[in-house]
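Listing of run_25.cif; format and content: mmCIF, C-alpha atoms and all ligand atoms; chains and numbers go by the auth columns.
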```cif
data_input
#
loop_
_atom_site.group_PDB
_atom_site.id
_atom_site.type_symbol
_atom_site.label_atom_id
_atom_site.label_comp_id
_atom_site.label_asym_id
_atom_site.label_seq_id
_atom_site.Cartn_x
_atom_site.Cartn_y
_atom_site.Cartn_z
_atom_site.B_iso_or_equiv
_atom_site.auth_seq_id
_atom_site.auth_asym_id
ATOM 1 C CA MET A 1 75.009 -18.125 31.203 0.00 1 A
ATOM 2 C CA ILE A 2 74.988 -19.879 34.551 0.00 2 A
ATOM 3 C CA ASP A 3 74.908 -18.103 37.915 0.00 3 A
ATOM 4 C CA SER A 4 77.238 -20.430 39.803 0.00 4 A
ATOM 5 C CA HIS A 5 76.068 -19.622 43.349 0.00 5 A
ATOM 6 C CA ILE A 6 72.640 -18.421 44.512 0.00 6 A
ATOM 7 C CA HIS A 7 70.236 -18.979 47.399 0.00 7 A
ATOM 8 C CA ALA A 8 66.979 -19.428 45.513 0.00 8 A
ATOM 9 C CA ASP A 9 64.940 -20.063 48.673 0.00 9 A
ATOM 10 C CA THR A 10 65.386 -16.421 49.748 0.00 10 A
ATOM 11 C CA ARG A 11 64.334 -14.870 46.443 0.00 11 A
ATOM 12 C CA PRO A 12 60.946 -13.929 44.962 0.00 12 A
ATOM 13 C CA PHE A 13 59.453 -15.735 41.962 0.00 13 A
ATOM 14 C CA GLU A 14 59.962 -12.618 39.799 0.00 14 A
ATOM 15 C CA ASP A 15 63.763 -12.780 40.152 0.00 15 A
ATOM 16 C CA PHE A 16 63.824 -16.038 38.217 0.00 16 A
ATOM 17 C CA GLU A 17 61.954 -14.471 35.333 0.00 17 A
ATOM 18 C CA LEU A 18 64.314 -11.487 35.354 0.00 18 A
ATOM 19 C CA MET A 19 67.301 -13.843 35.254 0.00 19 A
ATOM 20 C CA ALA A 20 65.842 -15.970 32.459 0.00 20 A
ATOM 21 C CA VAL A 21 64.996 -12.990 30.225 0.00 21 A
ATOM 22 C CA SER A 22 68.533 -11.677 30.763 0.00 22 A
ATOM 23 C CA GLY A 23 69.949 -14.834 29.209 0.00 23 A
ATOM 24 C CA ILE A 24 70.745 -16.832 32.360 0.00 24 A
ATOM 25 C CA GLU A 25 69.870 -20.451 31.576 0.00 25 A
ATOM 26 C CA GLY A 26 70.726 -22.084 34.861 0.00 26 A
ATOM 27 C CA ALA A 27 71.863 -21.454 38.427 0.00 27 A
ATOM 28 C CA LEU A 28 73.343 -23.461 41.264 0.00 28 A
ATOM 29 C CA THR A 29 71.362 -22.991 44.468 0.00 29 A
ATOM 30 C CA CYS A 30 73.370 -23.810 47.608 0.00 30 A
ATOM 31 C CA ALA A 31 72.298 -24.873 51.086 0.00 31 A
ATOM 32 C CA HIS A 32 72.999 -22.146 53.653 0.00 32 A
ATOM 33 C CA ASP A 33 71.747 -20.639 56.929 0.00 33 A
ATOM 34 C CA PRO A 34 68.241 -19.224 56.341 0.00 34 A
ATOM 35 C CA LEU A 35 66.988 -20.446 59.732 0.00 35 A
ATOM 36 C CA GLU A 36 68.440 -21.136 63.128 0.00 36 A
ATOM 37 C CA MET A 37 69.545 -24.723 62.468 0.00 37 A
ATOM 38 C CA THR A 38 68.902 -26.017 65.978 0.00 38 A
ATOM 39 C CA SER A 39 68.721 -29.671 64.961 0.00 39 A
ATOM 40 C CA SER A 40 69.342 -31.948 61.982 0.00 40 A
ATOM 41 C CA ASP A 41 65.555 -31.969 61.393 0.00 41 A
ATOM 42 C CA VAL A 42 65.669 -28.252 60.537 0.00 42 A
ATOM 43 C CA VAL A 43 68.608 -28.788 58.159 0.00 43 A
ATOM 44 C CA MET A 44 66.770 -31.657 56.461 0.00 44 A
ATOM 45 C CA ALA A 45 63.628 -29.514 56.053 0.00 45 A
ATOM 46 C CA HIS A 46 65.795 -26.830 54.422 0.00 46 A
ATOM 47 C CA PHE A 47 67.275 -29.440 52.045 0.00 47 A
ATOM 48 C CA ARG A 48 63.817 -30.725 51.132 0.00 48 A
ATOM 49 C CA ARG A 49 62.722 -27.253 50.148 0.00 49 A
ATOM 50 C CA LEU A 50 65.847 -26.777 47.982 0.00 50 A
ATOM 51 C CA LEU A 51 65.060 -30.028 46.183 0.00 51 A
ATOM 52 C CA THR A 52 61.353 -29.438 45.588 0.00 52 A
ATOM 53 C CA VAL A 53 59.905 -25.918 45.884 0.00 53 A
ATOM 54 C CA ASP A 54 62.691 -23.853 44.321 0.00 54 A
ATOM 55 C CA PRO A 55 63.486 -25.927 41.197 0.00 55 A
ATOM 56 C CA GLU A 56 59.752 -25.800 40.433 0.00 56 A
ATOM 57 C CA ARG A 57 59.548 -21.992 40.949 0.00 57 A
ATOM 58 C CA ALA A 58 62.577 -21.480 38.704 0.00 58 A
ATOM 59 C CA ALA A 59 61.369 -23.947 36.051 0.00 59 A
ATOM 60 C CA ARG A 60 58.075 -22.069 35.746 0.00 60 A
ATOM 61 C CA ASN A 61 60.197 -19.153 34.493 0.00 61 A
ATOM 62 C CA GLY A 62 62.389 -21.240 32.201 0.00 62 A
ATOM 63 C CA LEU A 63 65.384 -21.257 34.554 0.00 63 A
ATOM 64 C CA LYS A 64 67.058 -24.595 35.349 0.00 64 A
ATOM 65 C CA LEU A 65 68.142 -24.937 38.984 0.00 65 A
ATOM 66 C CA TYR A 66 70.895 -27.285 40.105 0.00 66 A
ATOM 67 C CA THR A 67 71.401 -27.946 43.801 0.00 67 A
ATOM 68 C CA ALA A 68 74.332 -28.154 46.205 0.00 68 A
ATOM 69 C CA LEU A 69 73.668 -29.683 49.633 0.00 69 A
ATOM 70 C CA GLY A 70 75.758 -29.508 52.773 0.00 70 A
ATOM 71 C CA ILE A 71 76.013 -27.927 56.208 0.00 71 A
ATOM 72 C CA HIS A 72 76.993 -24.255 55.977 0.00 72 A
ATOM 73 C CA PRO A 73 79.472 -23.253 58.708 0.00 73 A
ATOM 74 C CA ARG A 74 76.919 -20.825 60.176 0.00 74 A
ATOM 75 C CA ALA A 75 74.235 -23.532 60.185 0.00 75 A
ATOM 76 C CA ILE A 76 75.761 -26.361 62.210 0.00 76 A
ATOM 77 C CA PRO A 77 73.010 -28.140 64.184 0.00 77 A
ATOM 78 C CA ARG A 78 73.602 -29.768 67.570 0.00 78 A
ATOM 79 C CA ASP A 79 73.695 -33.167 65.803 0.00 79 A
ATOM 80 C CA PRO A 80 75.612 -32.577 62.522 0.00 80 A
ATOM 81 C CA GLU A 81 76.562 -36.270 62.278 0.00 81 A
ATOM 82 C CA ARG A 82 72.918 -37.130 61.541 0.00 82 A
ATOM 83 C CA VAL A 83 73.025 -34.919 58.436 0.00 83 A
ATOM 84 C CA ILE A 84 76.467 -36.105 57.350 0.00 84 A
ATOM 85 C CA GLU A 85 75.443 -39.754 57.511 0.00 85 A
ATOM 86 C CA LYS A 86 72.475 -39.026 55.234 0.00 86 A
ATOM 87 C CA LEU A 87 74.533 -36.970 52.782 0.00 87 A
ATOM 88 C CA PRO A 88 75.554 -39.869 50.481 0.00 88 A
ATOM 89 C CA ASP A 89 71.876 -40.737 49.916 0.00 89 A
ATOM 90 C CA LEU A 90 70.871 -37.105 49.448 0.00 90 A
ATOM 91 C CA LEU A 91 73.555 -36.640 46.812 0.00 91 A
ATOM 92 C CA LYS A 92 71.920 -39.356 44.693 0.00 92 A
ATOM 93 C CA ASN A 93 69.039 -37.001 43.882 0.00 93 A
ATOM 94 C CA PRO A 94 69.473 -36.172 40.159 0.00 94 A
ATOM 95 C CA SER A 95 69.302 -32.406 40.715 0.00 95 A
ATOM 96 C CA VAL A 96 72.165 -32.474 43.235 0.00 96 A
ATOM 97 C CA VAL A 97 75.461 -31.763 41.497 0.00 97 A
ATOM 98 C CA ALA A 98 77.742 -30.659 44.360 0.00 98 A
ATOM 99 C CA VAL A 99 78.335 -30.553 48.099 0.00 99 A
ATOM 100 C CA GLY A 100 77.887 -27.011 49.419 0.00 100 A
ATOM 101 C CA GLU A 101 78.063 -24.537 50.568 0.00 101 A
ATOM 102 C CA VAL A 102 80.428 -25.776 53.217 0.00 102 A
ATOM 103 C CA GLY A 103 83.591 -24.240 54.626 0.00 103 A
ATOM 104 C CA LEU A 104 84.665 -22.124 57.574 0.00 104 A
ATOM 105 C CA ASP A 105 83.229 -18.886 58.911 0.00 105 A
ATOM 106 C CA SER A 106 84.847 -18.255 62.303 0.00 106 A
ATOM 107 C CA GLY A 107 87.348 -21.100 61.919 0.00 107 A
ATOM 108 C CA SER A 108 86.279 -22.902 65.147 0.00 108 A
ATOM 109 C CA GLU A 109 87.149 -26.565 65.783 0.00 109 A
ATOM 110 C CA ILE A 110 83.550 -27.735 65.283 0.00 110 A
ATOM 111 C CA GLU A 111 83.432 -25.896 61.935 0.00 111 A
ATOM 112 C CA LYS A 112 86.664 -27.622 60.903 0.00 112 A
ATOM 113 C CA ASP A 113 85.353 -31.080 61.887 0.00 113 A
ATOM 114 C CA VAL A 114 82.050 -30.627 60.037 0.00 114 A
ATOM 115 C CA PHE A 115 83.811 -29.182 56.968 0.00 115 A
ATOM 116 C CA LYS A 116 86.341 -32.012 56.828 0.00 116 A
ATOM 117 C CA SER A 117 83.709 -34.762 57.227 0.00 117 A
ATOM 118 C CA GLN A 118 81.744 -33.312 54.310 0.00 118 A
ATOM 119 C CA LEU A 119 84.853 -32.988 52.132 0.00 119 A
ATOM 120 C CA LYS A 120 85.511 -36.682 52.780 0.00 120 A
ATOM 121 C CA VAL A 121 82.001 -37.626 51.614 0.00 121 A
ATOM 122 C CA ALA A 122 82.469 -35.510 48.458 0.00 122 A
ATOM 123 C CA GLU A 123 85.864 -37.043 47.790 0.00 123 A
ATOM 124 C CA GLU A 124 84.649 -40.611 48.235 0.00 124 A
ATOM 125 C CA LEU A 125 81.653 -40.127 45.973 0.00 125 A
ATOM 126 C CA GLY A 126 83.359 -37.890 43.391 0.00 126 A
ATOM 127 C CA TYR A 127 81.317 -34.707 43.903 0.00 127 A
ATOM 128 C CA PRO A 128 82.672 -31.161 43.489 0.00 128 A
ATOM 129 C CA VAL A 129 82.463 -28.875 46.528 0.00 129 A
ATOM 130 C CA ILE A 130 81.349 -25.241 46.869 0.00 130 A
ATOM 131 C CA VAL A 131 83.424 -23.678 49.661 0.00 131 A
ATOM 132 C CA HIS A 132 82.362 -20.554 51.557 0.00 132 A
ATOM 133 C CA THR A 133 84.936 -18.013 52.752 0.00 133 A
ATOM 134 C CA PRO A 134 83.803 -15.476 55.362 0.00 134 A
ATOM 135 C CA ARG A 135 83.189 -11.795 54.857 0.00 135 A
ATOM 136 C CA ARG A 136 85.015 -10.904 58.069 0.00 136 A
ATOM 137 C CA GLY A 137 88.472 -12.298 58.737 0.00 137 A
ATOM 138 C CA LYS A 138 88.805 -13.607 55.162 0.00 138 A
ATOM 139 C CA ALA A 139 92.588 -13.232 55.129 0.00 139 A
ATOM 140 C CA ASP A 140 92.922 -15.238 58.392 0.00 140 A
ATOM 141 C CA VAL A 141 90.334 -17.927 57.726 0.00 141 A
ATOM 142 C CA THR A 142 91.054 -18.697 54.054 0.00 142 A
ATOM 143 C CA PRO A 143 94.492 -20.274 54.766 0.00 143 A
ATOM 144 C CA GLN A 144 92.769 -22.427 57.435 0.00 144 A
ATOM 145 C CA ILE A 145 90.244 -23.521 54.797 0.00 145 A
ATOM 146 C CA MET A 146 93.075 -24.497 52.463 0.00 146 A
ATOM 147 C CA ASP A 147 94.700 -26.469 55.318 0.00 147 A
ATOM 148 C CA VAL A 148 91.530 -28.564 55.729 0.00 148 A
ATOM 149 C CA ILE A 149 91.238 -29.111 51.954 0.00 149 A
ATOM 150 C CA ASP A 150 94.879 -30.081 51.701 0.00 150 A
ATOM 151 C CA GLY A 151 95.137 -33.868 51.823 0.00 151 A
ATOM 152 C CA THR A 152 91.350 -34.375 52.073 0.00 152 A
ATOM 153 C CA ILE A 153 90.142 -33.668 48.523 0.00 153 A
ATOM 154 C CA ASP A 154 91.758 -32.811 45.227 0.00 154 A
ATOM 155 C CA GLU A 155 91.877 -29.022 44.806 0.00 155 A
ATOM 156 C CA SER A 156 90.562 -29.335 41.250 0.00 156 A
ATOM 157 C CA MET A 157 87.203 -30.481 42.698 0.00 157 A
ATOM 158 C CA VAL A 158 86.769 -27.306 44.771 0.00 158 A
ATOM 159 C CA VAL A 159 85.315 -23.851 44.102 0.00 159 A
ATOM 160 C CA VAL A 160 86.638 -21.377 46.692 0.00 160 A
ATOM 161 C CA GLU A 161 83.913 -18.754 46.862 0.00 161 A
ATOM 162 C CA HIS A 162 83.757 -15.008 47.397 0.00 162 A
ATOM 163 C CA VAL A 163 87.441 -14.414 46.643 0.00 163 A
ATOM 164 C CA ASN A 164 88.823 -10.893 46.600 0.00 164 A
ATOM 165 C CA MET A 165 92.154 -9.124 46.144 0.00 165 A
ATOM 166 C CA GLU A 166 93.075 -9.881 49.765 0.00 166 A
ATOM 167 C CA VAL A 167 93.281 -13.646 49.243 0.00 167 A
ATOM 168 C CA LEU A 168 93.835 -13.972 45.491 0.00 168 A
ATOM 169 C CA PRO A 169 97.639 -13.964 45.397 0.00 169 A
ATOM 170 C CA GLU A 170 97.699 -17.175 47.494 0.00 170 A
ATOM 171 C CA LEU A 171 94.692 -18.843 45.873 0.00 171 A
ATOM 172 C CA VAL A 172 95.955 -18.485 42.312 0.00 172 A
ATOM 173 C CA GLU A 173 98.822 -20.762 43.328 0.00 173 A
ATOM 174 C CA THR A 174 96.317 -23.572 44.037 0.00 174 A
ATOM 175 C CA GLU A 175 94.367 -25.766 41.594 0.00 175 A
ATOM 176 C CA CYS A 176 90.993 -24.615 42.931 0.00 176 A
ATOM 177 C CA MET A 177 88.340 -22.916 40.836 0.00 177 A
ATOM 178 C CA LEU A 178 87.717 -19.415 42.237 0.00 178 A
ATOM 179 C CA GLY A 179 84.276 -17.823 42.610 0.00 179 A
ATOM 180 C CA LEU A 180 83.896 -14.088 41.950 0.00 180 A
ATOM 181 C CA THR A 181 80.806 -12.940 43.830 0.00 181 A
ATOM 182 C CA VAL A 182 79.429 -9.760 42.299 0.00 182 A
ATOM 183 C CA GLN A 183 77.190 -8.288 44.955 0.00 183 A
ATOM 184 C CA PRO A 184 76.616 -4.789 46.428 0.00 184 A
ATOM 185 C CA GLU A 185 78.757 -5.526 49.506 0.00 185 A
ATOM 186 C CA LYS A 186 81.330 -7.771 47.806 0.00 186 A
ATOM 187 C CA LEU A 187 82.674 -7.070 44.277 0.00 187 A
ATOM 188 C CA THR A 188 81.343 -4.614 41.697 0.00 188 A
ATOM 189 C CA PRO A 189 81.249 -5.804 38.060 0.00 189 A
ATOM 190 C CA GLU A 190 84.192 -3.444 37.438 0.00 190 A
ATOM 191 C CA GLU A 191 86.254 -5.005 40.238 0.00 191 A
ATOM 192 C CA ALA A 192 85.481 -8.517 38.984 0.00 192 A
ATOM 193 C CA VAL A 193 86.566 -7.534 35.470 0.00 193 A
ATOM 194 C CA GLU A 194 89.770 -6.023 36.841 0.00 194 A
ATOM 195 C CA ILE A 195 90.574 -9.347 38.544 0.00 195 A
ATOM 196 C CA LEU A 196 89.873 -11.254 35.306 0.00 196 A
ATOM 197 C CA ARG A 197 92.130 -8.903 33.387 0.00 197 A
ATOM 198 C CA GLU A 198 94.944 -9.453 35.859 0.00 198 A
ATOM 199 C CA TYR A 199 94.609 -13.209 36.407 0.00 199 A
ATOM 200 C CA GLY A 200 92.932 -14.500 33.223 0.00 200 A
ATOM 201 C CA THR A 201 89.693 -16.444 32.928 0.00 201 A
ATOM 202 C CA GLU A 202 90.810 -20.103 33.169 0.00 202 A
ATOM 203 C CA ARG A 203 90.165 -20.517 36.867 0.00 203 A
ATOM 204 C CA PHE A 204 87.211 -18.233 37.609 0.00 204 A
ATOM 205 C CA VAL A 205 83.418 -18.530 37.791 0.00 205 A
ATOM 206 C CA LEU A 206 80.948 -15.658 38.208 0.00 206 A
ATOM 207 C CA ASN A 207 78.015 -15.533 40.584 0.00 207 A
ATOM 208 C CA SER A 208 75.579 -13.285 42.439 0.00 208 A
ATOM 209 C CA ASP A 209 75.310 -15.278 45.714 0.00 209 A
ATOM 210 C CA MET A 210 71.880 -13.665 45.823 0.00 210 A
ATOM 211 C CA SER A 211 70.254 -14.129 49.217 0.00 211 A
ATOM 212 C CA SER A 212 68.415 -12.035 51.787 0.00 212 A
ATOM 213 C CA ALA A 213 71.540 -9.799 52.001 0.00 213 A
ATOM 214 C CA PRO A 214 71.795 -6.955 49.448 0.00 214 A
ATOM 215 C CA SER A 215 71.942 -8.770 46.096 0.00 215 A
ATOM 216 C CA ASP A 216 71.689 -8.298 42.356 0.00 216 A
ATOM 217 C CA PRO A 217 70.030 -11.117 40.363 0.00 217 A
ATOM 218 C CA LEU A 218 71.679 -9.663 37.245 0.00 218 A
ATOM 219 C CA SER A 219 75.266 -9.786 38.550 0.00 219 A
ATOM 220 C CA VAL A 220 76.414 -12.293 35.945 0.00 220 A
ATOM 221 C CA PRO A 221 74.900 -10.595 32.854 0.00 221 A
ATOM 222 C CA ARG A 222 76.087 -7.196 34.104 0.00 222 A
ATOM 223 C CA THR A 223 79.644 -8.492 34.478 0.00 223 A
ATOM 224 C CA VAL A 224 79.420 -10.180 31.070 0.00 224 A
ATOM 225 C CA GLN A 225 78.287 -6.869 29.558 0.00 225 A
ATOM 226 C CA ARG A 226 81.222 -5.084 31.201 0.00 226 A
ATOM 227 C CA MET A 227 83.601 -7.727 29.780 0.00 227 A
ATOM 228 C CA LYS A 228 82.136 -7.244 26.288 0.00 228 A
ATOM 229 C CA MET A 229 82.559 -3.469 26.560 0.00 229 A
ATOM 230 C CA GLU A 230 86.167 -3.933 27.603 0.00 230 A
ATOM 231 C CA GLY A 231 86.948 -6.166 24.639 0.00 231 A
ATOM 232 C CA PHE A 232 87.277 -9.613 26.264 0.00 232 A
ATOM 233 C CA SER A 233 86.998 -12.433 23.704 0.00 233 A
ATOM 234 C CA ARG A 234 83.832 -14.505 23.385 0.00 234 A
ATOM 235 C CA SER A 235 85.680 -17.573 24.644 0.00 235 A
ATOM 236 C CA ASP A 236 86.940 -15.728 27.765 0.00 236 A
ATOM 237 C CA ILE A 237 83.419 -14.514 28.499 0.00 237 A
ATOM 238 C CA ARG A 238 81.922 -17.948 27.942 0.00 238 A
ATOM 239 C CA ARG A 239 84.451 -19.599 30.215 0.00 239 A
ATOM 240 C CA VAL A 240 83.716 -17.504 33.329 0.00 240 A
ATOM 241 C CA SER A 241 79.985 -17.181 32.797 0.00 241 A
ATOM 242 C CA ASP A 242 79.232 -20.739 31.683 0.00 242 A
ATOM 243 C CA GLY A 243 81.926 -23.204 30.591 0.00 243 A
ATOM 244 C CA ASN A 244 84.078 -23.459 33.729 0.00 244 A
ATOM 245 C CA ILE A 245 81.185 -24.227 36.052 0.00 245 A
ATOM 246 C CA ARG A 246 79.562 -26.656 33.582 0.00 246 A
ATOM 247 C CA ASP A 247 82.832 -28.574 33.317 0.00 247 A
ATOM 248 C CA LEU A 248 83.243 -28.792 37.070 0.00 248 A
ATOM 249 C CA LEU A 249 79.634 -29.753 37.828 0.00 249 A
ATOM 250 C CA LYS A 250 79.480 -31.995 34.749 0.00 250 A
ATOM 251 C CA ILE A 251 76.303 -30.345 33.488 0.00 251 A
ATOM 252 C CA SER A 252 75.726 -30.265 29.776 0.00 252 A
ATOM 253 C CA PRO A 253 74.575 -27.200 27.816 0.00 253 A
ATOM 254 C CA ILE A 254 70.829 -26.673 28.212 0.00 254 A
HETATM 255 ZN ZN ZN B . 76.279 -18.289 49.539 0.00 1 B
#
```

Would you give me this structure, written as structure tokens?
Amino acid sequence: MIDSHIHADTRPFEDFELMAVSGIEGALTCAHDPLEMTSSDVVMAHFRRLLTVDPERAARNGLKLYTALGIHPRAIPRDPERVIEKLPDLLKNPSVVAVGEVGLDSGSEIEKDVFKSQLKVAEELGYPVIVHTPRRGKADVTPQIMDVIDGTIDESMVVVEHVNMEVLPELVETECMLGLTVQPEKLTPEEAVEILREYGTERFVLNSDMSSAPSDPLSVPRTVQRMKMEGFSRSDIRRVSDGNIRDLLKISPI
């Protein structure tokens, strides 16, 4: 199993052990907004931590961490261009497998500019992108996110995260991979399974998005267990909990 979206820098050492003993082999840790990102220096310090401290903490528990780097829409510094110009070099780090998480939160013009510039870098260099959708105003902001993606990067290179019933009917018409975030204030395992029953497993990935907000490090195994109990096939379960995200990030089985 792979947890396709976490924020390892906000979690205690013990969570990684809990994940590993539950059968999670790897996780994608995404850049986000843990600090007030006043300047590009703060963003770069955050990136450095994601590339050094957290992979080591996870590895000591037998959990492989992969990294996504980018400017989160709630973490835009006063000089975002300084981060964006360094992004191509940062992506060369062997543990970096995606740009993210990027996207829109309020949908402001500056958010759109920063999002689009990062999509262009990902497109030019052939990296997949992890795209945040907001908790509030999801139905309004998600179409704006799709507008920015449209014509900038191939939809098949994008994971649209934290999808729910509100935005699914439109998103299933796209080529994007869709992230089901199972978290106390987002989806329950039962709700995620209901979505998978209705829409199939081809286009979905499971994650906890565990952070300093209420989180469950066992979201993925709990949802897998629920799928098993409801009679989903082994290949369906494998696809959403492992195969789809490995294919997109081009990471081989551990
Ligand atoms: Zn996140």

Q.
For region 159-173 of chain A, find every residue with an atom within 9 Å (counting only C-alpha atoms), except residues of its own chain fewer than 5 positions away, and show them as a ChimeraX atom specification.
A. /A:5,103,128-135,138-139,142-143,146,178-182,186-187,192,195,199,203-205,207,209,248

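Each residue with an atom within 8 Å of any atom of ligand ZN 1 (chain B) appears in the list, which was built counting only C-alpha atoms and all ligand atoms: His5, Ile6, His7, Cys30, Ala31, His32, Glu101, His132, Asp209, Met210 and Ser211 of chain A.
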
Q: Please provide the set of residues having any atom within 12 Å of region 53-59 of chain A, restricted to all atoms listed in the file, with same-chain residues fewer than 4 positions apart removed, written as JSON, numbers by chain.
A: {"A": [6, 7, 8, 9, 10, 11, 12, 13, 14, 15, 16, 17, 18, 19, 20, 24, 25, 26, 27, 28, 29, 30, 31, 45, 46, 47, 48, 49, 63, 64, 65, 66, 67, 94, 95, 96]}

Q.
Report as number ranges by chain all protein, DNA and RNA residues lying within 12 Å of Lys92 (chain A), evaluated on all atoms listed in the file, omitting residues in the same chain fewer than 3 positions from it.
A. A: 51, 67-69, 86-89, 95-99, 122, 125-127

Edge lengths and centre in Å to one decimal, as JSON, is what I'm after for the box along x, y and z that holds all listed atoms of region 177-189 of chain A once 3 Å is added on each side.
```
{"center_x": 82.5, "center_y": -13.8, "center_z": 43.8, "size_x": 17.7, "size_y": 24.3, "size_z": 17.4}
```

**Q.** Separation of CA of Leu50 (chain A) from CA of Gln118 (chain A) in Å
**A.**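 Between CA of Gln118 (chain A) and CA of Leu50 (chain A) the gap is 18.3 Å.
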
For the PyMOL selection byres (((chain A and resi 40) around 12) and not hetatm), applied here, can you spell out every residue it catches as a compact mmCIF listing (two decimals) with C-alpha atoms, in the coordinates of the input?
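out03.txt written:
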```txt
# COMPACT_ATOMS: atom_id res chain seq x y z
CA LEU A 35 66.99 -20.45 59.73
CA GLU A 36 68.44 -21.14 63.13
CA MET A 37 69.54 -24.72 62.47
CA THR A 38 68.90 -26.02 65.98
CA SER A 39 68.72 -29.67 64.96
CA ASP A 41 65.56 -31.97 61.39
CA VAL A 42 65.67 -28.25 60.54
CA VAL A 43 68.61 -28.79 58.16
CA MET A 44 66.77 -31.66 56.46
CA ALA A 45 63.63 -29.51 56.05
CA HIS A 46 65.80 -26.83 54.42
CA PHE A 47 67.28 -29.44 52.04
CA GLY A 70 75.76 -29.51 52.77
CA ILE A 71 76.01 -27.93 56.21
CA ALA A 75 74.24 -23.53 60.18
CA ILE A 76 75.76 -26.36 62.21
CA PRO A 77 73.01 -28.14 64.18
CA ARG A 78 73.60 -29.77 67.57
CA ASP A 79 73.69 -33.17 65.80
CA PRO A 80 75.61 -32.58 62.52
CA GLU A 81 76.56 -36.27 62.28
CA ARG A 82 72.92 -37.13 61.54
CA VAL A 83 73.03 -34.92 58.44
CA ILE A 84 76.47 -36.10 57.35
CA GLU A 85 75.44 -39.75 57.51
CA LYS A 86 72.47 -39.03 55.23
CA LEU A 87 74.53 -36.97 52.78
```

(Q) Let me make sure I understand: among A:Ser22, A:Glu124, A:Gln225, A:Ile149, which one has the smallest atom-to-atom distance to Val102 (chain A) if we use all atoms listed in the file? (A) A:Ile149

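Residue neighbourhood of Gln144 (chain A), excluding near-sequence residues (fewer than 4 positions): A:Leu104, A:Gly107, A:Lys112, A:Asp140, A:Val148, A:Ile149, at 9 Å, using all atoms listed in the file.
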
Q.
So the first atom is CA of Thr223 (chain A) and the second is CA of Thr201 (chain A); what is the distance between them in Å, to one decimal place?
A.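 Taking CA of Thr223 (chain A) as the start and CA of Thr201 (chain A) as the end point, the length is 12.9 Å.
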
(Q) Between CA of Val224 (chain A) and CA of Ile237 (chain A), what distance in Å does the model show, to one decimal? (A) 6.4 Å

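Using all atoms listed in the file, the smallest distance between any of A:Ala213, A:Met157, A:Ile145, A:Ile251 and Glu185 (chain A) comes from A:Ala213.
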
Q: Name the residues captured by the PyMOL selection byres (((chain A and resi 219) around 7) and not hetatm) when it is applied to the shown file; answer as a PyMOL selection string.
A: chain A and resi 182-183+207-208+216-218+220-223

Extract region 100-130 of chain A from the preceding block and save C-alpha atoms as a PDB file, in the first residue's frame.
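Listing of part.pdb after writing:
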```
ATOM      1  CA  GLY A 100       2.920  19.555  -5.302  1.00  0.00           C
ATOM      2  CA  GLU A 101       0.910  20.289  -3.601  1.00  0.00           C
ATOM      3  CA  VAL A 102      -0.036  23.226  -5.751  1.00  0.00           C
ATOM      4  CA  GLY A 103      -3.432  24.525  -6.812  1.00  0.00           C
ATOM      5  CA  LEU A 104      -5.950  27.137  -5.733  1.00  0.00           C
ATOM      6  CA  ASP A 105      -7.426  27.845  -2.319  1.00  0.00           C
ATOM      7  CA  SER A 106      -9.279  31.166  -2.563  1.00  0.00           C
ATOM      8  CA  GLY A 107      -8.897  31.387  -6.344  1.00  0.00           C
ATOM      9  CA  SER A 108      -7.134  34.807  -6.288  1.00  0.00           C
ATOM     10  CA  GLU A 109      -5.131  36.083  -9.277  1.00  0.00           C
ATOM     11  CA  ILE A 110      -1.778  35.596  -7.518  1.00  0.00           C
ATOM     12  CA  GLU A 111      -2.745  31.989  -6.705  1.00  0.00           C
ATOM     13  CA  LYS A 112      -3.619  31.425 -10.367  1.00  0.00           C
ATOM     14  CA  ASP A 113      -0.300  32.895 -11.580  1.00  0.00           C
ATOM     15  CA  VAL A 114       1.788  30.827  -9.153  1.00  0.00           C
ATOM     16  CA  PHE A 115      -0.202  27.657  -9.928  1.00  0.00           C
ATOM     17  CA  LYS A 116       0.128  28.118 -13.685  1.00  0.00           C
ATOM     18  CA  SER A 117       3.886  28.827 -13.551  1.00  0.00           C
ATOM     19  CA  GLN A 118       4.429  25.612 -11.590  1.00  0.00           C
ATOM     20  CA  LEU A 119       2.252  23.575 -13.962  1.00  0.00           C
ATOM     21  CA  LYS A 120       4.422  24.856 -16.816  1.00  0.00           C
ATOM     22  CA  VAL A 121       7.606  23.680 -15.071  1.00  0.00           C
ATOM     23  CA  ALA A 122       6.022  20.248 -14.469  1.00  0.00           C
ATOM     24  CA  GLU A 123       4.866  20.020 -18.066  1.00  0.00           C
ATOM     25  CA  GLU A 124       8.244  20.982 -19.505  1.00  0.00           C
ATOM     26  CA  LEU A 125      10.136  18.519 -17.341  1.00  0.00           C
ATOM     27  CA  GLY A 126       7.567  15.696 -17.473  1.00  0.00           C
ATOM     28  CA  TYR A 127       6.615  15.569 -13.779  1.00  0.00           C
ATOM     29  CA  PRO A 128       3.155  14.648 -12.453  1.00  0.00           C
ATOM     30  CA  VAL A 129       1.384  17.254 -10.313  1.00  0.00           C
ATOM     31  CA  ILE A 130      -0.514  16.933  -7.019  1.00  0.00           C
TER      32      ILE A 130
END
```
